[in-house]
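Structure data follow from model29.pdb (PDB, C-alpha atoms and all ligand atoms):
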ATOM      1  CA  MET Y   1      16.236  50.688 -44.371
ATOM      2  CA  SER Y   2      15.346  48.593 -47.395
ATOM      3  CA  ILE Y   3      12.938  45.702 -47.246
ATOM      4  CA  GLN Y   4      13.869  42.530 -49.119
ATOM      5  CA  LEU Y   5      10.932  41.086 -51.045
ATOM      6  CA  THR Y   6      10.830  37.467 -52.170
ATOM      7  CA  GLN Y   7      10.915  37.003 -55.945
ATOM      8  CA  VAL Y   8      10.335  33.859 -57.984
ATOM      9  CA  PRO Y   9      12.649  33.452 -61.018
ATOM     10  CA  GLN Y  10       9.991  33.788 -63.717
ATOM     11  CA  ASP Y  11       6.268  34.238 -64.366
ATOM     12  CA  LEU Y  12       5.034  34.440 -67.958
ATOM     13  CA  HIS Y  13       1.398  33.477 -67.336
ATOM     14  CA  ILE Y  14      -0.269  36.583 -65.919
ATOM     15  CA  HIS Y  15      -3.570  38.181 -66.914
ATOM     16  CA  THR Y  16      -4.454  41.852 -66.760
ATOM     17  CA  ILE Y  17      -7.415  44.069 -67.623
ATOM     18  CA  TYR Y  18      -6.736  43.329 -71.328
ATOM     19  CA  SER Y  19      -8.449  39.975 -70.653
ATOM     20  CA  GLN Y  20     -11.572  42.093 -70.587
ATOM     21  CA  TYR Y  21     -14.164  39.307 -70.940
ATOM     22  CA  ASP Y  22     -12.610  37.092 -68.266
ATOM     23  CA  SER Y  23     -14.818  37.522 -65.211
ATOM     24  CA  ALA Y  24     -12.015  36.384 -62.878
ATOM     25  CA  VAL Y  25      -9.892  39.467 -63.685
ATOM     26  CA  VAL Y  26     -10.365  42.389 -61.305
ATOM     27  CA  ASP Y  27     -10.128  46.063 -62.340
ATOM     28  CA  GLU Y  28      -7.030  46.589 -60.211
ATOM     29  CA  GLN Y  29      -5.046  43.963 -62.163
ATOM     30  CA  THR Y  30      -3.310  46.448 -64.482
ATOM     31  CA  PRO Y  31       0.073  45.976 -66.196
ATOM     32  CA  GLU Y  32       1.346  48.829 -64.012
ATOM     33  CA  LEU Y  33       0.415  46.939 -60.842
ATOM     34  CA  ILE Y  34       2.238  43.814 -62.052
ATOM     35  CA  ALA Y  35       5.325  45.904 -62.813
ATOM     36  CA  ARG Y  36       5.227  47.557 -59.395
ATOM     37  CA  VAL Y  37       4.726  44.357 -57.379
ATOM     38  CA  HIS Y  38       7.402  42.621 -59.495
ATOM     39  CA  HIS Y  39       6.989  39.222 -57.843
ATOM     40  CA  ALA Y  40       9.184  37.559 -60.509
ATOM     41  CA  ARG Y  41      12.563  38.461 -61.947
ATOM     42  CA  ILE Y  42      11.439  37.600 -65.524
ATOM     43  CA  LEU Y  43       7.915  38.915 -66.063
ATOM     44  CA  GLY Y  44       5.517  38.451 -68.969
ATOM     45  CA  ILE Y  45       1.836  39.206 -69.548
ATOM     46  CA  SER Y  46      -0.277  36.660 -71.436
ATOM     47  CA  ASP Y  47      -3.760  38.056 -71.892
ATOM     48  CA  HIS Y  48      -6.397  36.061 -73.789
ATOM     49  CA  PHE Y  49      -5.749  36.658 -77.484
ATOM     50  CA  GLU Y  50      -9.397  36.971 -78.523
ATOM     51  CA  HIS Y  51     -10.073  39.687 -75.907
ATOM     52  CA  PHE Y  52      -7.851  42.467 -77.198
ATOM     53  CA  THR Y  53      -6.807  41.757 -80.800
ATOM     54  CA  ASP Y  54      -7.984  45.205 -81.922
ATOM     55  CA  ARG Y  55      -5.767  46.854 -79.298
ATOM     56  CA  PHE Y  56      -2.561  44.885 -79.961
ATOM     57  CA  ASP Y  57      -0.362  47.943 -80.631
ATOM     58  CA  GLU Y  58      -1.492  49.638 -77.434
ATOM     59  CA  TYR Y  59      -0.975  46.381 -75.466
ATOM     60  CA  LYS Y  60       2.527  45.821 -76.757
ATOM     61  CA  LYS Y  61       3.627  49.432 -76.274
ATOM     62  CA  ARG Y  62       2.251  49.602 -72.738
ATOM     63  CA  LEU Y  63       4.008  46.357 -71.746
ATOM     64  CA  GLN Y  64       7.287  47.409 -73.361
ATOM     65  CA  GLN Y  65       7.277  50.670 -71.437
ATOM     66  CA  LEU Y  66       6.973  48.648 -68.230
ATOM     67  CA  ASN Y  67       9.670  46.125 -69.205
ATOM     68  CA  LEU Y  68       7.115  43.308 -69.321
ATOM     69  CA  HIS Y  69       7.379  40.620 -72.001
ATOM     70  CA  ALA Y  70       4.355  40.601 -74.311
ATOM     71  CA  GLY Y  71       2.835  37.165 -74.781
ATOM     72  CA  THR Y  72      -0.690  35.925 -75.274
ATOM     73  CA  GLU Y  73      -2.843  32.935 -74.335
ATOM     74  CA  VAL Y  74      -4.351  31.348 -77.438
ATOM     75  CA  ASP Y  75      -7.585  29.383 -76.977
ATOM     76  CA  GLY Y  76      -7.027  26.548 -79.418
ATOM     77  CA  ALA Y  77      -6.613  26.049 -83.152
ATOM     78  CA  ALA Y  78      -9.422  28.454 -84.090
ATOM     79  CA  TYR Y  79      -7.324  31.471 -83.092
ATOM     80  CA  VAL Y  80      -3.859  30.328 -84.199
ATOM     81  CA  GLY Y  81      -4.094  31.739 -87.736
ATOM     82  CA  GLU Y  82      -4.731  35.243 -86.407
ATOM     83  CA  ALA Y  83      -2.378  35.002 -83.438
ATOM     84  CA  ILE Y  84       0.679  34.230 -85.571
ATOM     85  CA  GLN Y  85       0.095  37.417 -87.580
ATOM     86  CA  LEU Y  86       0.926  39.582 -84.582
ATOM     87  CA  ASP Y  87       4.394  39.981 -83.125
ATOM     88  CA  PHE Y  88       4.062  38.408 -79.689
ATOM     89  CA  GLU Y  89       7.192  37.314 -77.826
ATOM     90  CA  TYR Y  90       5.685  33.962 -76.858
ATOM     91  CA  TYR Y  91       2.505  31.910 -77.024
ATOM     92  CA  ILE Y  92       0.677  30.083 -74.258
ATOM     93  CA  TYR Y  93      -1.565  27.562 -75.986
ATOM     94  CA  HIS Y  94      -4.801  25.811 -74.971
ATOM     95  CA  CYS Y  95      -4.497  22.372 -76.532
ATOM     96  CA  ARG Y  96      -7.653  20.305 -76.102
ATOM     97  CA  ASN Y  97      -7.448  16.610 -76.873
ATOM     98  CA  GLN Y  98      -8.387  16.835 -80.579
ATOM     99  CA  ARG Y  99      -6.305  16.238 -83.713
ATOM    100  CA  SER Y 100      -6.849  19.773 -85.050
ATOM    101  CA  GLU Y 101      -5.564  21.288 -81.793
ATOM    102  CA  TYR Y 102      -2.312  19.288 -81.942
ATOM    103  CA  ASP Y 103      -1.861  20.057 -85.665
ATOM    104  CA  ALA Y 104      -2.073  23.822 -85.107
ATOM    105  CA  ILE Y 105       0.995  23.715 -82.837
ATOM    106  CA  ASP Y 106       3.245  23.491 -85.910
ATOM    107  CA  LYS Y 107       2.025  26.902 -87.081
ATOM    108  CA  LEU Y 108       2.869  28.433 -83.714
ATOM    109  CA  LEU Y 109       6.308  26.795 -83.687
ATOM    110  CA  ALA Y 110       6.980  28.063 -87.229
ATOM    111  CA  THR Y 111       6.999  31.620 -85.864
ATOM    112  CA  GLY Y 112      10.183  30.765 -83.972
ATOM    113  CA  LYS Y 113       8.624  32.096 -80.755
ATOM    114  CA  PRO Y 114       8.449  29.929 -77.628
ATOM    115  CA  VAL Y 115       5.265  27.836 -77.409
ATOM    116  CA  ILE Y 116       4.104  26.955 -73.911
ATOM    117  CA  ILE Y 117       1.424  24.292 -73.449
ATOM    118  CA  ALA Y 118      -0.944  25.719 -70.821
ATOM    119  CA  HIS Y 119      -2.216  23.679 -67.858
ATOM    120  CA  PRO Y 120      -2.324  20.348 -69.787
ATOM    121  CA  MET Y 121      -4.317  18.417 -67.192
ATOM    122  CA  ALA Y 122      -7.115  21.017 -67.090
ATOM    123  CA  LEU Y 123      -7.641  20.592 -70.859
ATOM    124  CA  ASP Y 124      -6.976  16.842 -71.019
ATOM    125  CA  THR Y 125      -3.982  17.454 -73.305
ATOM    126  CA  ASP Y 126      -2.111  14.251 -74.221
ATOM    127  CA  LEU Y 127       1.539  15.150 -73.683
ATOM    128  CA  GLY Y 128       2.481  12.130 -75.804
ATOM    129  CA  LYS Y 129       1.213  14.094 -78.834
ATOM    130  CA  ILE Y 130       3.058  17.345 -78.100
ATOM    131  CA  PRO Y 131       6.237  18.181 -80.081
ATOM    132  CA  PRO Y 132       9.347  18.184 -77.856
ATOM    133  CA  GLU Y 133      10.166  21.795 -78.862
ATOM    134  CA  CYS Y 134       7.197  22.975 -76.795
ATOM    135  CA  TYR Y 135       7.506  23.969 -73.162
ATOM    136  CA  ILE Y 136       5.062  22.503 -70.668
ATOM    137  CA  GLU Y 137       3.535  24.648 -67.968
ATOM    138  CA  LEU Y 138       3.161  23.774 -64.305
ATOM    139  CA  ASN Y 139       0.223  26.057 -63.532
ATOM    140  CA  ASN Y 140      -0.343  27.204 -59.980
ATOM    141  CA  ARG Y 141      -4.067  27.788 -60.533
ATOM    142  CA  TYR Y 142      -4.899  24.255 -61.665
ATOM    143  CA  ILE Y 143      -2.136  21.753 -60.954
ATOM    144  CA  TRP Y 144      -3.340  20.717 -57.477
ATOM    145  CA  ARG Y 145      -6.765  19.720 -58.843
ATOM    146  CA  ASP Y 146      -5.518  16.649 -60.668
ATOM    147  CA  ASP Y 147      -3.190  13.656 -60.377
ATOM    148  CA  TRP Y 148       0.030  15.413 -61.418
ATOM    149  CA  LYS Y 149       2.230  12.553 -60.216
ATOM    150  CA  ARG Y 150       0.605  10.107 -62.620
ATOM    151  CA  LYS Y 151      -0.087  12.494 -65.532
ATOM    152  CA  ILE Y 152       2.967  14.797 -65.554
ATOM    153  CA  GLY Y 153       5.461  12.526 -63.801
ATOM    154  CA  PRO Y 154       6.166  10.245 -66.803
ATOM    155  CA  TYR Y 155       7.079  13.306 -68.904
ATOM    156  CA  ALA Y 156       9.249  15.071 -66.326
ATOM    157  CA  GLN Y 157      12.431  14.288 -68.251
ATOM    158  CA  SER Y 158      10.965  14.594 -71.786
ATOM    159  CA  PHE Y 159      10.184  18.299 -71.893
ATOM    160  CA  ARG Y 160      11.408  21.646 -70.666
ATOM    161  CA  PHE Y 161       9.017  23.098 -68.090
ATOM    162  CA  LEU Y 162       7.879  26.572 -67.113
ATOM    163  CA  ILE Y 163       6.098  27.521 -63.907
ATOM    164  CA  GLY Y 164       3.224  29.998 -64.126
ATOM    165  CA  SER Y 165       0.848  31.627 -61.671
ATOM    166  CA  ASP Y 166      -2.060  32.198 -64.120
ATOM    167  CA  ALA Y 167      -2.868  35.175 -61.908
ATOM    168  CA  HIS Y 168      -6.079  37.078 -62.582
ATOM    169  CA  GLN Y 169      -5.973  38.984 -59.301
ATOM    170  CA  PRO Y 170      -3.106  40.551 -57.330
ATOM    171  CA  LEU Y 171      -3.243  37.987 -54.536
ATOM    172  CA  TRP Y 172      -2.792  35.155 -57.056
ATOM    173  CA  LEU Y 173       0.712  36.333 -57.899
ATOM    174  CA  ASN Y 174       2.614  33.389 -56.471
ATOM    175  CA  GLN Y 175       3.641  29.897 -57.535
ATOM    176  CA  ASN Y 176       3.946  27.972 -54.298
ATOM    177  CA  VAL Y 177       1.882  24.935 -55.292
ATOM    178  CA  ALA Y 178       3.399  24.570 -58.777
ATOM    179  CA  ARG Y 179       6.893  24.913 -57.294
ATOM    180  CA  TYR Y 180       6.115  22.177 -54.786
ATOM    181  CA  VAL Y 181       5.058  19.899 -57.682
ATOM    182  CA  ALA Y 182       8.225  20.721 -59.626
ATOM    183  CA  SER Y 183      10.366  19.773 -56.642
ATOM    184  CA  GLN Y 184       8.470  16.497 -56.155
ATOM    185  CA  LEU Y 185       8.921  15.567 -59.838
ATOM    186  CA  GLY Y 186      12.573  16.592 -59.940
ATOM    187  CA  ILE Y 187      11.803  19.209 -62.600
ATOM    188  CA  GLU Y 188      14.159  22.124 -63.064
ATOM    189  CA  GLU Y 189      12.335  25.120 -64.500
ATOM    190  CA  THR Y 190      13.525  26.514 -67.840
ATOM    191  CA  LEU Y 191      13.980  30.275 -67.861
ATOM    192  CA  LEU Y 192      13.123  32.156 -71.063
ATOM    193  CA  PHE Y 193      14.329  35.675 -71.892
ATOM    194  CA  GLU Y 194      17.380  35.458 -69.613
ATOM    195  CA  GLY Y 195      19.863  38.293 -69.783
TER     196      GLY Y 195
HETATM  197 ZN    ZN M   1      -5.777  28.987 -69.696
HETATM  198 ZN    ZN M   2      -4.463  32.010 -68.258
END
Could you rewrite the structure in this file as structure tokens?
Ligand SMILES: [Zn+2]
Ligand SMILES: [Zn+2]
Amino acid sequence: MSIQLTQVPQDLHIHTIYSQYDSAVVDEQTPELIARVHHARILGISDHFEHFTDRFDEYKKRLQQLNLHAGTEVDGAAYVGEAIQLDFEYYIYHCRNQRSEYDAIDKLLATGKPVIIAHPMALDTDLGKIPPECYIELNNRYIWRDDWKRKIGPYAQSFRFLIGSDAHQPLWLNQNVARYVASQLGIEETLLFEG
């Protein structure tokens, strides 16, 4: 008898033990665990760039062996110059509300890789200043803490959106709140890496 597990279509915002200085990550949150649980059909890991730069080759190889897409979460303009040197499949970007942070987006876009604006409300990102080529994240960890109807609603038709768990622990691997918000705003999620 086989048991049918529920899968969401996509999750590209997941942390593992490579986010080694993030105190929210637990030791059990390994890439292997993510691959085994397989809560999403399209799966990508996005560990904090500045936590594992020196182990990039190991990171990428380990994720490839598990059929996990290899992304990274970049903490603002200060790290963009280094992050674009390495061959990630996509970037999740912390864009604080400062000119230099918006300007650095062009460098990420120039790589040709998808650029996902992380949890914009949590960082006070002005979506009016974000290039339309970027994807906007509905983030399950943060979205319920702010007025998403007023702050995301006006942009629901202006961008393509991704839904992410931002999981740091196994029990965070779901997207129920962000999916509720998407349905309320009439947003259809964009799937990357299809097929
Ligand atoms: Zn973040
Ligand atoms: Zn994150």
Any residue with an atom at most 10 Å from ligand ZN 2 (chain M) counts, using only C-alpha atoms and all ligand atoms. Which are they? Put them as a list of chain:residue names.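 Using only C-alpha atoms and all ligand atoms, I find these residues within 10 Å of ligand ZN 2 (chain M): Y:Leu12, Y:His13, Y:Ile14, Y:His15, Y:Thr16, Y:Ser19, Y:Asp22, Y:Ile45, Y:Ser46, Y:Asp47, Y:His48, Y:Thr72, Y:Glu73, Y:Val74, Y:Asp75, Y:Ile92, Y:Tyr93, Y:His94, Y:Ala118, Y:His119, Y:Asn139, Y:Arg141, Y:Gly164, Y:Ser165, Y:Asp166, Y:Ala167, Y:His168.
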Do you know which residues are at most 7 Å from Lys113 of chain Y counting all atoms listed in the file, after dropping those on the same chain fewer than 4 positions away, and could you put them as an MDAnalysis selection string? chainID Y and resid 89:90 109
To one decimal place in Å, what is the distance between atom CA of Asp103 of chain Y and atom CA of Asp147 of chain Y?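 That distance, rounded to one decimal, is 26.1 Å.
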Using the chain letters and numbering of this document, enumerate as a PyMOL selection string the residues selected by the PyMOL selection byres (((chain Y and resi 130) around 12) and not hetatm). chain Y and resi 93-99+101-106+109+115-118+120+125-129+131-136+155+158-160
Would you mind listing what lies within 6 Å of Leu162 of chain Y as a PyMOL selection string, with all atoms listed in the file counted and same-chain residues fewer than 4 positions away left out? chain Y and resi 137+189-190
Proximity to ligand ZN 1 (chain M) - best of Y:Ile17, Y:Met121, Y:Ile42, Y:Ile84, only C-alpha atoms and all ligand atoms: Y:Met121
If you count only C-alpha atoms and all ligand atoms, the residue of Y:Ile143, Y:Lys61, Y:Ala83, Y:Phe56 closest to ligand ZN 1 (chain M) turns out to be Y:Ile143
Which residue is closest to ligand ZN 1 (chain M)? Choose from Y:Glu188, Y:Tyr180, Y:Ala122, Y:Glu32 and count all atoms listed in the file.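 Between Y:Glu188, Y:Tyr180, Y:Ala122, Y:Glu32, the residue approaching ligand ZN 1 (chain M) most closely is Y:Ala122.
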Distance criterion (only C-alpha atoms and all ligand atoms): nearest to ligand ZN 1 (chain M) out of Y:Ser100, Y:Arg41, Y:Ala24, Y:Leu63: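 When distances to ligand ZN 1 (chain M) are compared using only C-alpha atoms and all ligand atoms, the smallest one comes from Y:Ala24.
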With distances taken over only C-alpha atoms and all ligand atoms, which residue among Y:Gly76, Y:Pro154, Y:Pro114, Y:Pro170 lies nearest ligand ZN 1 (chain M)?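 Closest residue, counting only C-alpha atoms and all ligand atoms: Y:Gly76.
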Between atom CA of Asn140 of chain Y and atom CA of Leu108 of chain Y, what is the distance, to one decimal in Å?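 Answer for the atom CA of Asn140 of chain Y to atom CA of Leu108 of chain Y separation: 24.0 Å.
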If I take atom CA of Asp54 of chain Y and atom CA of Leu192 of chain Y, how far is one from the other in Å, to one decimal? 27.1 Å
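Distances from Y:Ile34, Y:Ala70, Y:Ala156, Y:Leu123 to ligand ZN 1 (chain M) were compared using all atoms listed in the file, and the smallest one belongs to Y:Leu123.
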Which centre and which edge lengths, in Å to one decimal, describe the axis-aligned box that holds all listed atoms of segment 175-184 of chain Y after 4 Å is added on each side, as JSON?
{"center_x": 6.1, "center_y": 23.2, "center_z": -57.0, "size_x": 16.5, "size_y": 21.4, "size_z": 13.3}
